[in-house]
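Undergrad: Just so it is clear, I am handing over model26.cif, which has mmCIF, C-alpha atoms.
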data_structure
#
loop_
_atom_site.group_PDB
_atom_site.id
_atom_site.type_symbol
_atom_site.label_atom_id
_atom_site.label_comp_id
_atom_site.auth_asym_id
_atom_site.auth_seq_id
_atom_site.Cartn_x
_atom_site.Cartn_y
_atom_site.Cartn_z
ATOM 1 C CA MET A 1 112.922 -20.836 147.264
ATOM 2 C CA GLU A 2 109.524 -19.773 148.508
ATOM 3 C CA LYS A 3 109.384 -16.404 150.268
ATOM 4 C CA HIS A 4 107.238 -15.776 153.323
ATOM 5 C CA TYR A 5 106.135 -12.466 154.777
ATOM 6 C CA ARG A 6 104.887 -11.268 158.138
ATOM 7 C CA ILE A 7 102.693 -8.235 158.843
ATOM 8 C CA VAL A 8 104.685 -5.381 160.363
ATOM 9 C CA PRO A 9 102.786 -3.732 163.252
ATOM 10 C CA SER A 10 102.287 -0.010 162.648
ATOM 11 C CA ARG A 11 104.251 0.890 165.807
ATOM 12 C CA ASP A 12 107.326 -0.937 164.369
ATOM 13 C CA ILE A 13 107.077 1.046 161.125
ATOM 14 C CA ARG A 14 107.181 4.313 163.054
ATOM 15 C CA LEU A 15 110.122 3.213 165.225
ATOM 16 C CA ASN A 16 112.337 1.711 162.519
ATOM 17 C CA GLY A 17 111.478 4.131 159.750
ATOM 18 C CA THR A 18 113.033 1.905 157.062
ATOM 19 C CA LEU A 19 110.770 1.485 154.074
ATOM 20 C CA ILE A 20 113.275 -0.160 151.709
ATOM 21 C CA ASP A 21 112.513 -3.777 152.621
ATOM 22 C CA ARG A 22 108.753 -3.296 152.975
ATOM 23 C CA ILE A 23 106.061 -4.675 150.694
ATOM 24 C CA TYR A 24 102.570 -3.253 151.021
ATOM 25 C CA THR A 25 99.280 -4.988 150.331
ATOM 26 C CA GLU A 26 95.643 -4.271 151.027
ATOM 27 C CA ILE A 27 93.350 -6.452 153.090
ATOM 28 C CA PRO A 28 89.530 -6.407 153.121
ATOM 29 C CA ALA A 29 87.989 -4.769 156.184
ATOM 30 C CA ASP A 30 84.573 -3.894 157.608
ATOM 31 C CA LYS A 31 85.578 -0.286 158.217
ATOM 32 C CA PRO A 32 88.365 1.949 156.895
ATOM 33 C CA ASP A 33 91.579 2.417 158.872
ATOM 34 C CA CYS A 34 92.675 5.777 157.519
ATOM 35 C CA ALA A 35 91.106 8.919 158.932
ATOM 36 C CA SER A 36 91.442 11.072 155.814
ATOM 37 C CA CYS A 37 91.161 8.786 152.784
ATOM 38 C CA PHE A 38 89.077 5.649 152.337
ATOM 39 C CA GLU A 39 89.652 3.018 149.677
ATOM 40 C CA GLY A 40 86.948 0.494 148.896
ATOM 41 C CA GLU A 41 85.982 -2.129 146.358
ATOM 42 C CA TRP A 42 82.679 -2.314 144.491
ATOM 43 C CA MET A 43 81.500 -5.054 142.136
ATOM 44 C CA CYS A 44 79.437 -5.075 138.953
ATOM 45 C CA SER A 45 76.935 -7.915 139.347
ATOM 46 C CA HIS A 46 75.616 -7.712 135.767
ATOM 47 C CA TRP A 47 77.002 -11.018 134.453
ATOM 48 C CA PRO A 48 77.544 -10.071 130.754
ATOM 49 C CA CYS A 49 79.619 -7.016 131.755
ATOM 50 C CA PRO A 50 83.395 -7.661 131.654
ATOM 51 C CA VAL A 51 83.999 -5.266 134.586
ATOM 52 C CA ARG A 52 84.203 -7.312 137.794
ATOM 53 C CA SER A 53 85.486 -4.949 140.451
ATOM 54 C CA VAL A 54 86.123 -1.235 140.791
ATOM 55 C CA ARG A 55 88.422 0.288 143.418
ATOM 56 C CA LEU A 56 87.695 3.786 144.537
ATOM 57 C CA ARG A 57 89.510 6.159 146.890
ATOM 58 C CA VAL A 58 87.190 8.710 148.466
ATOM 59 C CA LYS A 59 87.725 11.703 150.751
ATOM 60 C CA ALA A 60 86.762 11.330 154.387
ATOM 61 C CA MET A 61 84.025 13.942 154.205
ATOM 62 C CA LEU A 62 82.251 12.062 151.383
ATOM 63 C CA HIS A 63 82.539 8.558 152.802
ATOM 64 C CA GLN A 64 79.182 8.619 154.636
ATOM 65 C CA HIS A 65 77.289 10.214 151.748
ATOM 66 C CA LEU A 66 78.442 8.350 148.660
ATOM 67 C CA PRO A 67 75.875 8.340 145.870
ATOM 68 C CA ARG A 68 74.930 5.032 144.288
ATOM 69 C CA LEU A 69 77.998 4.255 142.163
ATOM 70 C CA ARG A 70 77.647 3.002 138.609
ATOM 71 C CA CYS A 71 79.770 0.646 136.548
ATOM 72 C CA PRO A 72 82.060 2.603 134.207
ATOM 73 C CA LEU A 73 81.183 0.270 131.306
ATOM 74 C CA CYS A 74 77.546 -0.865 131.521
ATOM 75 C CA LEU A 75 76.340 1.985 133.809
ATOM 76 C CA ARG A 76 74.419 -0.370 136.129
ATOM 77 C CA ALA A 77 74.587 0.103 139.896
ATOM 78 C CA LEU A 78 77.684 -1.311 141.612
ATOM 79 C CA ASP A 79 77.449 -3.425 144.777
ATOM 80 C CA PHE A 80 79.739 -2.524 147.680
ATOM 81 C CA ARG A 81 82.052 -5.396 148.721
ATOM 82 C CA HIS A 82 84.410 -4.075 151.423
ATOM 83 C CA TRP A 83 86.860 -1.398 152.479
ATOM 84 C CA LEU A 84 90.568 -1.937 151.842
ATOM 85 C CA ASN A 85 93.170 -1.240 154.530
ATOM 86 C CA PRO A 86 96.889 -1.141 153.650
ATOM 87 C CA VAL A 87 99.333 -3.256 155.668
ATOM 88 C CA ALA A 88 103.131 -3.424 155.523
ATOM 89 C CA LEU A 89 104.835 -6.798 155.107
ATOM 90 C CA ARG A 90 108.396 -7.817 155.953
ATOM 91 C CA ALA A 91 110.204 -10.839 154.512
ATOM 92 C CA VAL A 92 111.045 -13.511 157.073
ATOM 93 C CA CYS A 93 113.769 -16.043 156.524
ATOM 94 C CA GLY A 94 115.055 -19.263 158.031
ATOM 95 C CA GLU A 95 113.262 -20.740 161.016
ATOM 96 C CA ASN A 96 110.816 -17.787 161.258
ATOM 97 C CA GLN A 97 109.017 -19.097 158.159
ATOM 98 C CA GLU A 98 107.380 -21.914 160.106
ATOM 99 C CA ARG A 99 105.888 -19.456 162.637
ATOM 100 C CA GLY A 100 103.035 -17.782 160.809
ATOM 101 C CA GLY A 101 104.530 -16.060 157.756
ATOM 102 C CA VAL A 102 102.160 -15.021 154.995
ATOM 103 C CA GLY A 103 102.985 -16.929 151.774
ATOM 104 C CA GLU A 104 103.511 -15.134 148.492
#
I need this file expressed as structure tokens, please.
TA:
Amino acid sequence: MEKHYRIVPSRDIRLNGTLIDRIYTEIPADKPDCASCFEGEWMCSHWPCPVRSVRLRVKAMLHQHLPRLRCPLCLRALDFRHWLNPVALRAVCGENQERGGVGE
């Protein structure tokens, strides 16, 4: 059986408080959601290098002034792709699956 998931709005997470049945994922975003810690993804564009993407979590105070990041393997400059924002998912079952669940 194929499972489907729906994004849980942040207000529902605070009200219910149950984290047992939650699955978390990260979605690409133009700007970070979190006020104190930013997570982003950079890419090594040097084609012979086996490193494709690097995820980095930076402090809020450094986010505006990041130096040019380098690939940990070939030491060439990394290209910024996007910020990553975490979202909570909840499994949906039965007839709710036809109404916009996110497939796994």
Undergrad: Give me, please, the distance in Å between CA of Ser36 (chain A) and CA of Ala60 (chain A), quoted to one decimal.
TA: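 CA of Ser36 (chain A) sits 4.9 Å away from CA of Ala60 (chain A).
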Undergrad: Would you mind listing what lies within 9 Å of Glu26 (chain A) as a VMD selection string, with all atoms listed in the file counted and same-chain residues fewer than 6 positions away left out?
TA: chain A and resid 84 to 88
Undergrad: Rank nothing, just name the residue among A:Ile27, A:Ala77, A:Val58, A:Ile7 nearest to Met43 (chain A), using all atoms listed in the file.
TA: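 Among the listed residues, the smallest separation from Met43 (chain A) belongs to A:Ala77.
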Undergrad: Grab the CA of Glu41 (chain A) to CA of His65 (chain A) distance for me, in Å with one decimal place.
TA: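 Interatomic distance, CA of Glu41 (chain A) to CA of His65 (chain A): 16.0 Å.
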Undergrad: For the PyMOL selection byres ((chain A and resi 45) around 9), applied here, can you spell out every residue it catches as a PyMOL selection string?
TA: chain A and resi 43-44+46-49+51-52+76-79
Undergrad: For the selection just defined, write its residues with C-alpha atoms to a file, as an mmCIF file, in the frame of the given file.
TA:
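Saved as part_38.cif:
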data_model
loop_
_atom_site.group_PDB
_atom_site.id
_atom_site.type_symbol
_atom_site.label_atom_id
_atom_site.label_comp_id
_atom_site.auth_asym_id
_atom_site.auth_seq_id
_atom_site.Cartn_x
_atom_site.Cartn_y
_atom_site.Cartn_z
ATOM 1 C CA MET A 43 81.500 -5.054 142.136
ATOM 2 C CA CYS A 44 79.437 -5.075 138.953
ATOM 3 C CA HIS A 46 75.616 -7.712 135.767
ATOM 4 C CA TRP A 47 77.002 -11.018 134.453
ATOM 5 C CA PRO A 48 77.544 -10.071 130.754
ATOM 6 C CA CYS A 49 79.619 -7.016 131.755
ATOM 7 C CA VAL A 51 83.999 -5.266 134.586
ATOM 8 C CA ARG A 52 84.203 -7.312 137.794
ATOM 9 C CA ARG A 76 74.419 -0.370 136.129
ATOM 10 C CA ALA A 77 74.587 0.103 139.896
ATOM 11 C CA LEU A 78 77.684 -1.311 141.612
ATOM 12 C CA ASP A 79 77.449 -3.425 144.777
#
Undergrad: Using all atoms listed in the file for the distances, tell me which of A:His4, A:Arg90, A:Arg81, A:Arg68 is nearest to Val54 (chain A).
TA: A:Arg81
Undergrad: Could you state the separation of CA of Ser53 (chain A) and CA of Val8 (chain A) in Å, given to one decimal place?
TA: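 One can read the CA of Ser53 (chain A) to CA of Val8 (chain A) distance as 27.7 Å.
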Undergrad: With distances taken over all atoms listed in the file, which of A:Pro67, A:Cys74, A:Phe80, A:Arg57 is nearest to Trp42 (chain A)?
TA: A:Phe80
Undergrad: Show me the residues around (103.5, -3.1, 150.6) - criterion: an atom at most 7 Å away, only C-alpha atoms counted - as a list in words.
TA: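 Nearby residues: Arg22, Ile23, Tyr24, Thr25, Val87, Ala88 and Leu89 of chain A.
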